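Just coords-v3.txt here, compact mmCIF, C-alpha atoms:
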# COMPACT_ATOMS: atom_id res chain seq x y z
CA MET I 14 -1.96 -13.99 -18.88
CA THR I 15 -1.56 -14.28 -15.14
CA ILE I 16 1.08 -13.13 -12.75
CA GLY I 17 -0.07 -15.63 -10.12
CA ALA I 18 -0.49 -13.14 -7.28
CA THR I 19 -1.73 -14.76 -4.10
CA HIS I 20 -2.00 -11.72 -1.86
CA ILE I 21 -0.67 -8.25 -1.12
CA ASP I 22 2.48 -9.00 0.79
CA HIS I 23 3.94 -5.57 1.48
CA ILE I 24 2.76 -2.01 1.50
CA VAL I 25 5.75 0.29 1.55
CA ILE I 26 5.64 3.60 3.37
CA SER I 27 8.72 5.66 2.63
CA SER I 28 9.77 8.42 4.96
CA ASN I 29 12.66 10.78 5.54
CA ASP I 30 12.76 9.25 9.04
CA SER I 31 11.36 5.73 8.88
CA ALA I 32 11.97 5.03 12.57
CA ALA I 33 9.92 8.09 13.52
CA THR I 34 7.13 7.18 11.12
CA ALA I 35 7.04 3.60 12.36
CA LYS I 36 6.90 4.90 15.93
CA GLN I 37 4.08 7.28 15.02
CA PHE I 38 2.00 4.48 13.50
CA SER I 39 2.81 2.15 16.36
CA GLU I 40 1.93 4.59 19.11
CA SER I 41 -1.19 6.06 17.54
CA LEU I 42 -2.68 2.92 15.99
CA GLY I 43 -1.35 0.27 18.35
CA ILE I 44 0.51 -1.50 15.56
CA GLU I 45 3.41 -3.59 16.82
CA ILE I 46 6.74 -3.11 15.07
CA LYS I 47 8.09 -6.63 14.72
CA ARG I 48 11.47 -5.98 13.19
CA ALA I 49 13.94 -3.22 12.42
CA MET I 50 17.00 -3.59 10.27
CA VAL I 51 19.49 -1.93 8.01
CA ARG I 52 19.20 -3.06 4.41
CA PRO I 53 22.50 -4.63 3.36
CA GLY I 54 24.14 -2.71 0.59
CA THR I 55 22.04 0.45 0.70
CA GLY I 56 22.11 1.21 4.41
CA ALA I 57 18.40 2.03 4.35
CA HIS I 58 16.64 1.83 7.69
CA LEU I 59 13.65 -0.52 7.53
CA GLU I 60 11.00 -1.31 10.12
CA PHE I 61 8.24 -3.85 9.70
CA ALA I 62 4.80 -4.47 11.16
CA LYS I 63 2.45 -7.24 10.15
CA LEU I 64 -1.32 -7.07 9.97
CA GLN I 65 -2.58 -10.54 9.13
CA GLU I 66 -1.07 -11.37 5.72
CA VAL I 67 0.12 -7.86 4.89
CA ILE I 68 3.44 -6.40 6.00
CA LEU I 69 3.77 -2.68 6.48
CA GLU I 70 7.30 -1.71 5.57
CA PHE I 71 8.59 1.65 6.76
CA ALA I 72 11.60 2.55 4.65
CA GLY I 73 13.93 5.49 4.92
CA PRO I 74 17.53 6.59 4.77
CA GLY I 75 20.06 5.11 7.11
CA GLU I 76 21.26 8.53 8.14
CA VAL I 77 18.52 10.81 9.41
CA LYS I 78 19.02 14.54 9.32
CA PRO I 79 17.32 16.89 11.77
CA TYR I 80 14.28 17.52 9.59
CA ASP I 81 11.84 20.25 10.42
CA GLU I 82 9.06 17.90 9.50
CA VAL I 83 8.93 14.15 9.04
CA LYS I 84 7.29 13.38 5.73
CA ALA I 85 6.05 9.99 4.63
CA LYS I 86 4.05 8.61 1.75
CA LEU I 87 2.74 5.38 0.34
CA SER I 88 5.40 4.38 -2.12
CA GLY I 89 4.81 0.87 -3.34
CA ILE I 90 2.98 -2.42 -3.23
CA VAL I 91 4.58 -5.85 -3.27
CA LEU I 92 2.52 -8.81 -4.37
CA ALA I 93 3.31 -12.36 -3.26
CA VAL I 94 3.52 -14.85 -6.10
CA ASP I 95 3.98 -18.59 -6.31
CA ASP I 96 6.53 -18.62 -9.12
CA ILE I 97 8.46 -15.41 -9.62
CA HIS I 98 10.05 -16.60 -12.84
CA ALA I 99 6.62 -17.23 -14.36
CA THR I 100 5.47 -13.83 -13.07
CA ILE I 101 8.40 -12.10 -14.70
CA ALA I 102 7.75 -13.91 -17.97
CA ALA I 103 4.08 -12.89 -17.89
CA ILE I 104 4.87 -9.25 -17.15
CA ARG I 105 7.48 -9.08 -19.89
CA ALA I 106 5.09 -10.74 -22.35
CA ALA I 107 2.60 -7.99 -21.53
CA GLY I 108 5.18 -5.41 -22.57
CA PHE I 109 6.24 -4.14 -19.17
CA SER I 110 9.80 -3.88 -17.92
CA VAL I 111 10.74 -5.88 -14.87
CA GLY I 112 14.13 -6.67 -13.40
CA ASP I 113 15.64 -10.07 -12.84
CA PRO I 114 14.88 -11.63 -9.45
CA HIS I 115 17.31 -11.16 -6.61
CA PRO I 116 17.37 -12.26 -2.98
CA ALA I 117 15.05 -10.25 -0.79
CA VAL I 118 15.77 -9.18 2.77
CA GLN I 119 13.36 -11.92 3.84
CA PRO I 120 15.35 -15.15 4.17
CA GLY I 121 14.77 -17.55 1.31
CA ALA I 122 12.74 -15.08 -0.75
CA LEU I 123 13.30 -13.69 -4.21
CA PHE I 124 12.16 -10.21 -5.20
CA THR I 125 11.83 -8.16 -8.33
CA GLY I 126 10.35 -4.78 -9.16
CA MET I 127 8.40 -3.53 -12.15
CA LYS I 128 10.40 -0.67 -13.56
CA GLY I 129 8.20 2.39 -13.59
CA GLY I 130 5.25 0.43 -12.28
CA THR I 131 1.89 1.06 -13.88
CA ASN I 132 -0.78 3.69 -13.32
CA GLY I 133 1.65 5.55 -11.12
CA VAL I 134 2.07 2.64 -8.72
CA PRO I 135 5.44 0.96 -8.21
CA PHE I 136 4.77 -2.77 -7.98
CA GLY I 137 7.15 -5.40 -6.71
CA PHE I 138 6.83 -9.16 -6.55
CA ILE I 139 8.12 -11.59 -3.97
CA GLN I 140 8.28 -15.35 -3.86
CA TYR I 141 8.90 -16.93 -0.49
CA ASN I 142 10.72 -20.23 -0.13
CA ALA I 143 12.45 -19.64 -3.43
CA LEU I 144 15.95 -20.15 -2.13
CA PRO I 145 17.49 -22.58 0.31
CA MET I 146 17.48 -20.94 3.74
CA GLY I 147 20.80 -19.42 4.57
CA GLU I 148 21.93 -18.82 1.01
CA PRO I 149 24.09 -15.72 0.93
CA LYS I 150 22.37 -12.56 -0.27
CA ALA I 151 23.69 -10.80 -3.32
CA MET L 1 -8.22 0.77 19.58
CA LYS L 2 -7.50 -2.43 17.72
CA VAL L 3 -6.39 -2.50 14.11
CA LYS L 4 -7.50 -5.77 12.57
CA ARG L 5 -5.98 -5.67 9.10
CA ILE L 6 -5.29 -3.64 6.00
CA ASP L 7 -8.67 -3.43 4.33
CA HIS L 8 -7.63 -1.89 1.04
CA VAL L 9 -5.20 0.42 -0.68
CA GLY L 10 -6.63 3.24 -2.76
CA ILE L 11 -5.17 4.01 -6.17
CA VAL L 12 -6.23 7.10 -8.10
CA VAL L 13 -6.43 6.69 -11.86
CA LYS L 14 -7.51 9.07 -14.57
CA ASP L 15 -9.61 6.54 -16.47
CA LEU L 16 -11.12 3.82 -14.28
CA ASP L 17 -12.23 1.53 -17.10
CA ALA L 18 -8.85 1.73 -18.82
CA ALA L 19 -6.99 0.98 -15.59
CA LEU L 20 -9.18 -2.01 -14.82
CA ALA L 21 -8.65 -3.29 -18.35
CA THR L 22 -4.88 -2.94 -17.92
CA PHE L 23 -4.86 -4.99 -14.75
CA GLU L 24 -7.26 -7.62 -16.06
CA ARG L 25 -5.58 -8.06 -19.43
CA ASN L 26 -1.99 -7.96 -18.28
CA PHE L 27 -2.07 -9.32 -14.76
CA ASP L 28 -5.30 -11.31 -14.52
CA LEU L 29 -6.38 -9.14 -11.61
CA ASN L 30 -10.11 -8.65 -11.90
CA ALA L 31 -12.56 -6.25 -10.32
CA ASP L 32 -15.29 -7.65 -8.12
CA PRO L 33 -18.47 -7.04 -10.13
CA ALA L 34 -20.56 -6.98 -6.95
CA ARG L 35 -18.87 -3.87 -5.59
CA GLY L 36 -17.99 -0.41 -6.77
CA GLY L 37 -19.67 2.25 -8.83
CA GLU L 38 -20.44 5.91 -8.38
CA VAL L 39 -19.80 7.36 -4.93
CA PRO L 40 -21.35 10.85 -5.05
CA THR L 41 -20.31 11.62 -1.48
CA PHE L 42 -16.66 11.52 -2.49
CA ALA L 43 -17.16 12.55 -6.13
CA ILE L 44 -15.56 9.38 -7.43
CA LYS L 45 -16.38 6.15 -9.17
CA ASN L 46 -14.55 3.11 -7.93
CA ALA L 47 -13.92 -0.60 -8.30
CA PHE L 48 -12.39 -3.16 -5.98
CA VAL L 49 -9.83 -5.72 -7.10
CA PRO L 50 -9.36 -8.39 -4.42
CA ILE L 51 -5.92 -9.92 -4.01
CA GLY L 52 -5.98 -12.41 -1.18
CA GLY L 53 -7.65 -10.81 1.83
CA THR L 54 -6.98 -7.22 0.82
CA ASP L 55 -8.38 -5.11 -2.00
CA LEU L 56 -6.91 -2.64 -4.38
CA GLU L 57 -9.48 0.10 -4.76
CA PHE L 58 -9.19 1.94 -8.06
CA PHE L 59 -11.03 5.20 -8.34
CA SER L 60 -11.26 8.21 -10.58
CA PRO L 61 -12.79 11.61 -9.95
CA THR L 62 -16.25 12.37 -11.32
CA THR L 63 -16.01 16.13 -10.87
CA GLU L 64 -13.35 18.71 -11.58
CA ASP L 65 -13.00 19.71 -7.95
CA GLY L 66 -12.62 17.79 -4.73
CA PRO L 67 -9.55 16.17 -3.19
CA VAL L 68 -9.28 13.27 -5.63
CA ALA L 69 -9.52 15.54 -8.68
CA LYS L 70 -6.95 17.83 -7.09
CA PHE L 71 -4.62 14.89 -6.49
CA VAL L 72 -4.87 13.81 -10.13
CA HIS L 73 -4.23 17.32 -11.39
CA GLU L 74 -1.23 17.87 -9.13
CA ARG L 75 0.40 14.45 -8.99
CA GLY L 76 -1.21 12.29 -11.65
CA GLU L 77 -2.12 8.68 -11.02
CA GLY L 78 -0.82 6.76 -8.05
CA LEU L 79 -1.21 5.52 -4.52
CA TYR L 80 -3.67 7.70 -2.66
CA MET L 81 -4.54 6.18 0.67
CA MET L 82 -4.50 3.13 2.91
CA SER L 83 -7.60 1.87 4.65
CA ILE L 84 -7.32 -0.08 7.87
CA GLU L 85 -10.08 -2.09 9.46
CA VAL L 86 -10.68 -1.41 13.12
CA ASP L 87 -12.89 -3.32 15.49
CA ASP L 88 -14.71 -0.22 16.72
CA LEU L 89 -14.80 2.84 14.47
CA THR L 90 -16.30 5.17 17.06
CA GLY L 91 -13.79 4.04 19.65
CA ALA L 92 -10.90 4.42 17.21
CA ILE L 93 -11.96 7.97 16.36
CA GLU L 94 -12.21 8.84 20.04
CA HIS L 95 -8.83 7.24 20.72
CA LEU L 96 -7.07 9.17 17.96
CA ARG L 97 -8.75 12.43 18.84
CA GLY L 98 -7.63 11.86 22.41
CA LEU L 99 -4.06 11.72 21.12
CA GLY L 100 -4.55 15.06 19.43
CA ALA L 101 -5.15 13.81 15.89
CA ARG L 102 -7.80 15.37 13.74
CA VAL L 103 -10.22 12.72 12.54
CA GLY L 104 -13.27 13.42 10.45
CA ASP L 105 -16.71 12.30 11.46
CA PRO L 106 -17.74 8.97 9.90
CA ILE L 107 -19.19 9.09 6.38
CA ASN L 108 -20.60 5.90 4.90
CA GLY L 109 -18.91 3.92 7.69
CA LEU L 110 -15.49 5.44 6.95
CA ALA L 111 -13.42 8.07 8.70
CA PHE L 112 -10.33 9.88 7.48
CA VAL L 113 -7.39 10.71 9.71
CA SER L 114 -5.64 14.01 9.18
CA MET L 115 -2.38 13.51 7.34
CA LYS L 116 -0.68 15.62 9.99
CA ALA L 117 -1.15 12.68 12.34
CA THR L 118 0.44 10.20 9.97
CA HIS L 119 3.44 12.12 8.62
CA GLY L 120 1.53 12.71 5.40
CA VAL L 121 0.05 9.29 4.70
CA ASN L 122 -3.63 9.45 3.79
CA LEU L 123 -5.22 7.01 6.23
CA GLN L 124 -8.80 5.81 6.33
CA LEU L 125 -10.49 3.87 9.12
CA VAL L 126 -13.25 1.41 8.37
CA GLN L 127 -15.32 -0.97 10.45
CA ARG L 128 -16.71 -4.09 8.79
CA GLY L 129 -19.36 -6.48 9.93
Kindly present the structure from the file in structure tokens form.
Amino acid sequence: MTIGATHIDHIVISSNDSAATAKQFSESLGIEIKRAMVRPGTGAHLEFAKLQEVILEFAGPGEVKPYDEVKAKLSGIVLAVDDIHATIAAIRAAGFSVGDPHPAVQPGALFTGMKGGTNGVPFGFIQYNALPMGEPKA
Amino acid sequence: MKVKRIDHVGIVVKDLDAALATFERNFDLNADPARGGEVPTFAIKNAFVPIGGTDLEFFSPTTEDGPVAKFVHERGEGLYMMSIEVDDLTGAIEHLRGLGARVGDPINGLAFVSMKATHGVNLQLVQRG
């Protein structure tokens, strides 16, 4: 059984202030933030950096409260796959629960997440070039 | 300081062999037999599962105390830390200390950055080659 993972595509760092955490990483480590956006539908504030093939995604609420302390944590891993439908079939055949694919924030990509993850790790899967570019997001 | 790439992501598990079997059997993600084993310095045993150019490092505690054992007791299994490859470990440590971050002295070619400097993310620096 194979899920056809080609590489780790995303590492998600969730924070109660994702802009502040992205800034902290950028300023201390010299990592360039390439993109910031609001996730359609949820309003979450996302910022992205890329280190070779791996994207660091800083994710947090759209509305930031005046926290006493900004807190962040590693919160998920997204694996790139060649055929997300085959990946989903393989994961379901192995007895794990995974959602149906839906358009990702990356243009043309499809994403799904493993419900509950495994070994305490939330895993997601993304297939690039899965949709015609410009197709409306759900 | 120059960050080159994400070297690996560390995942704490209670039973290393069982976790590796789960990932091999269900996802065809296999540990590199040439790496891993007991790491007495950190009181863990580990294994590396390469996916593209980055590894998942699975590790479990080998003693009842220590930070990894404490993590398992308090939080269970899960994501533990992220390791980034830098071009110059000594220079990176000096750079971060210059910014006021607490960074441990290198052990086995690795250095840990205080989580206070990363908003709570456990960050490791490593220099390869």
Which chain I residues are at most 10 Å from chain L (counting only C-alpha atoms), as a short mmCIF file (atom, residue, chain, number, x, y, z; two decimals) with C-alpha atoms, keeping the file's coordinate frame?
data_model
loop_
_atom_site.label_atom_id
_atom_site.label_comp_id
_atom_site.auth_asym_id
_atom_site.auth_seq_id
_atom_site.Cartn_x
_atom_site.Cartn_y
_atom_site.Cartn_z
CA MET I 14 -1.96 -13.99 -18.88
CA THR I 15 -1.56 -14.28 -15.14
CA ILE I 16 1.08 -13.13 -12.75
CA GLY I 17 -0.07 -15.63 -10.12
CA ALA I 18 -0.49 -13.14 -7.28
CA THR I 19 -1.73 -14.76 -4.10
CA HIS I 20 -2.00 -11.72 -1.86
CA ILE I 21 -0.67 -8.25 -1.12
CA ASP I 22 2.48 -9.00 0.79
CA ILE I 24 2.76 -2.01 1.50
CA ILE I 26 5.64 3.60 3.37
CA SER I 27 8.72 5.66 2.63
CA SER I 28 9.77 8.42 4.96
CA ASN I 29 12.66 10.78 5.54
CA ASP I 30 12.76 9.25 9.04
CA ALA I 33 9.92 8.09 13.52
CA THR I 34 7.13 7.18 11.12
CA ALA I 35 7.04 3.60 12.36
CA GLN I 37 4.08 7.28 15.02
CA PHE I 38 2.00 4.48 13.50
CA GLU I 40 1.93 4.59 19.11
CA SER I 41 -1.19 6.06 17.54
CA LEU I 42 -2.68 2.92 15.99
CA GLY I 43 -1.35 0.27 18.35
CA ILE I 44 0.51 -1.50 15.56
CA LYS I 63 2.45 -7.24 10.15
CA LEU I 64 -1.32 -7.07 9.97
CA GLN I 65 -2.58 -10.54 9.13
CA GLU I 66 -1.07 -11.37 5.72
CA VAL I 67 0.12 -7.86 4.89
CA ILE I 68 3.44 -6.40 6.00
CA LEU I 69 3.77 -2.68 6.48
CA GLU I 82 9.06 17.90 9.50
CA VAL I 83 8.93 14.15 9.04
CA LYS I 84 7.29 13.38 5.73
CA ALA I 85 6.05 9.99 4.63
CA LYS I 86 4.05 8.61 1.75
CA LEU I 87 2.74 5.38 0.34
CA SER I 88 5.40 4.38 -2.12
CA GLY I 89 4.81 0.87 -3.34
CA ILE I 90 2.98 -2.42 -3.23
CA LEU I 92 2.52 -8.81 -4.37
CA ALA I 93 3.31 -12.36 -3.26
CA THR I 100 5.47 -13.83 -13.07
CA ALA I 103 4.08 -12.89 -17.89
CA ILE I 104 4.87 -9.25 -17.15
CA ARG I 105 7.48 -9.08 -19.89
CA ALA I 106 5.09 -10.74 -22.35
CA ALA I 107 2.60 -7.99 -21.53
CA GLY I 108 5.18 -5.41 -22.57
CA PHE I 109 6.24 -4.14 -19.17
CA GLY I 130 5.25 0.43 -12.28
CA THR I 131 1.89 1.06 -13.88
CA ASN I 132 -0.78 3.69 -13.32
CA GLY I 133 1.65 5.55 -11.12
CA VAL I 134 2.07 2.64 -8.72
CA PRO I 135 5.44 0.96 -8.21
#
Check your understanding: Between atom CA of Gln127 of chain L and atom CA of Phe112 of chain L, what is the distance, to one decimal in Å?
Key ->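 So the two atoms, atom CA of Gln127 of chain L and atom CA of Phe112 of chain L, lie 12.3 Å apart.
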Practice item. Could you give me, as JSON, numbers by chain, the residues that sit within 9 Å of (-15.7, 2.4, 12.7) in the file's coordinates, counting all atoms listed in the file? Key: {"L": [85, 86, 87, 88, 89, 90, 91, 92, 93, 106, 109, 110, 111, 125, 126, 127, 128]}
Review point. To one decimal place, how far is atom CA of Gly10 of chain L from atom CA of Asp95 of chain I in Å?
Key: 24.5 Å
Practice item. Counting all atoms listed in the file, figure out which residue out of I:Val51, I:Met127, I:Ala102, I:Ala122 gets nearest to Met146 of chain I. Key: I:Ala122
Check your understanding: Which residues, written as a ChimeraX atom specification, have at least one atom at most 12 Å from segment 62-64 of chain L, with all atoms listed in the file counted and residues fewer than 4 positions away on the same chain left out?
Key -> /L:12-16,37-46,68-73
Practice item. Mind giving me the straight-line distance from atom CA of Ser31 of chain I to atom CA of Asp113 of chain I in Å, one decimal? Key: 27.2 Å
Exercise on segment 48-60 of chain I, axis-aligned box with 3 Å per side, report centre and edge lengths in Å to one decimal, as lines of an AutoDock Vina configuration file:
center_x = 17.6
center_y = -2.0
center_z = 6.9
size_x = 19.1
size_y = 14.0
size_z = 18.6
Check your understanding: Excluding same-chain residues fewer than 6 positions from Thr55 of chain I, what lies within 12 Å of it counting all atoms listed in the file, as JSON, numbers by chain?
Key -> {"I": [72, 73, 74, 75, 76, 118]}
Incomplete segment 65-78 of chain I filled out to N, CA and C atoms as a PDB file, in the coordinates of the input:
ATOM      1  N   GLN I  65      -2.171  -9.318   9.821  1.00  0.00           N
ATOM      2  CA  GLN I  65      -2.580 -10.540   9.130  1.00  0.00           C
ATOM      3  C   GLN I  65      -1.564 -10.855   8.030  1.00  0.00           C
ATOM      4  N   GLU I  66      -1.996 -10.924   6.769  1.00  0.00           N
ATOM      5  CA  GLU I  66      -1.070 -11.370   5.720  1.00  0.00           C
ATOM      6  C   GLU I  66      -0.233 -10.241   5.135  1.00  0.00           C
ATOM      7  N   VAL I  67      -0.526  -9.010   5.526  1.00  0.00           N
ATOM      8  CA  VAL I  67       0.120  -7.860   4.890  1.00  0.00           C
ATOM      9  C   VAL I  67       1.187  -7.258   5.822  1.00  0.00           C
ATOM     10  N   ILE I  68       2.361  -7.047   5.259  1.00  0.00           N
ATOM     11  CA  ILE I  68       3.440  -6.400   6.000  1.00  0.00           C
ATOM     12  C   ILE I  68       3.450  -4.918   5.664  1.00  0.00           C
ATOM     13  N   LEU I  69       3.515  -4.101   6.693  1.00  0.00           N
ATOM     14  CA  LEU I  69       3.770  -2.680   6.480  1.00  0.00           C
ATOM     15  C   LEU I  69       5.267  -2.471   6.609  1.00  0.00           C
ATOM     16  N   GLU I  70       5.857  -1.959   5.564  1.00  0.00           N
ATOM     17  CA  GLU I  70       7.300  -1.710   5.570  1.00  0.00           C
ATOM     18  C   GLU I  70       7.535  -0.206   5.608  1.00  0.00           C
ATOM     19  N   PHE I  71       8.211   0.244   6.638  1.00  0.00           N
ATOM     20  CA  PHE I  71       8.590   1.650   6.760  1.00  0.00           C
ATOM     21  C   PHE I  71      10.038   1.750   6.299  1.00  0.00           C
ATOM     22  N   ALA I  72      10.268   2.501   5.252  1.00  0.00           N
ATOM     23  CA  ALA I  72      11.600   2.550   4.650  1.00  0.00           C
ATOM     24  C   ALA I  72      12.099   3.989   4.598  1.00  0.00           C
ATOM     25  N   GLY I  73      13.348   4.154   4.951  1.00  0.00           N
ATOM     26  CA  GLY I  73      13.930   5.490   4.920  1.00  0.00           C
ATOM     27  C   GLY I  73      15.439   5.419   4.891  1.00  0.00           C
ATOM     28  N   PRO I  74      16.066   6.571   4.841  1.00  0.00           N
ATOM     29  CA  PRO I  74      17.530   6.590   4.770  1.00  0.00           C
ATOM     30  C   PRO I  74      18.165   6.097   6.068  1.00  0.00           C
ATOM     31  N   GLY I  75      19.366   5.581   5.926  1.00  0.00           N
ATOM     32  CA  GLY I  75      20.060   5.110   7.110  1.00  0.00           C
ATOM     33  C   GLY I  75      20.516   6.250   8.000  1.00  0.00           C
ATOM     34  N   GLU I  76      20.817   7.362   7.365  1.00  0.00           N
ATOM     35  CA  GLU I  76      21.260   8.530   8.140  1.00  0.00           C
ATOM     36  C   GLU I  76      20.139   9.562   8.131  1.00  0.00           C
ATOM     37  N   VAL I  77      19.628   9.873   9.301  1.00  0.00           N
ATOM     38  CA  VAL I  77      18.520  10.810   9.410  1.00  0.00           C
ATOM     39  C   VAL I  77      19.035  12.177   9.808  1.00  0.00           C
ATOM     40  N   LYS I  78      18.625  13.159   9.031  1.00  0.00           N
ATOM     41  CA  LYS I  78      19.020  14.540   9.320  1.00  0.00           C
ATOM     42  C   LYS I  78      17.960  15.165  10.230  1.00  0.00           C
TER      43      LYS I  78
END
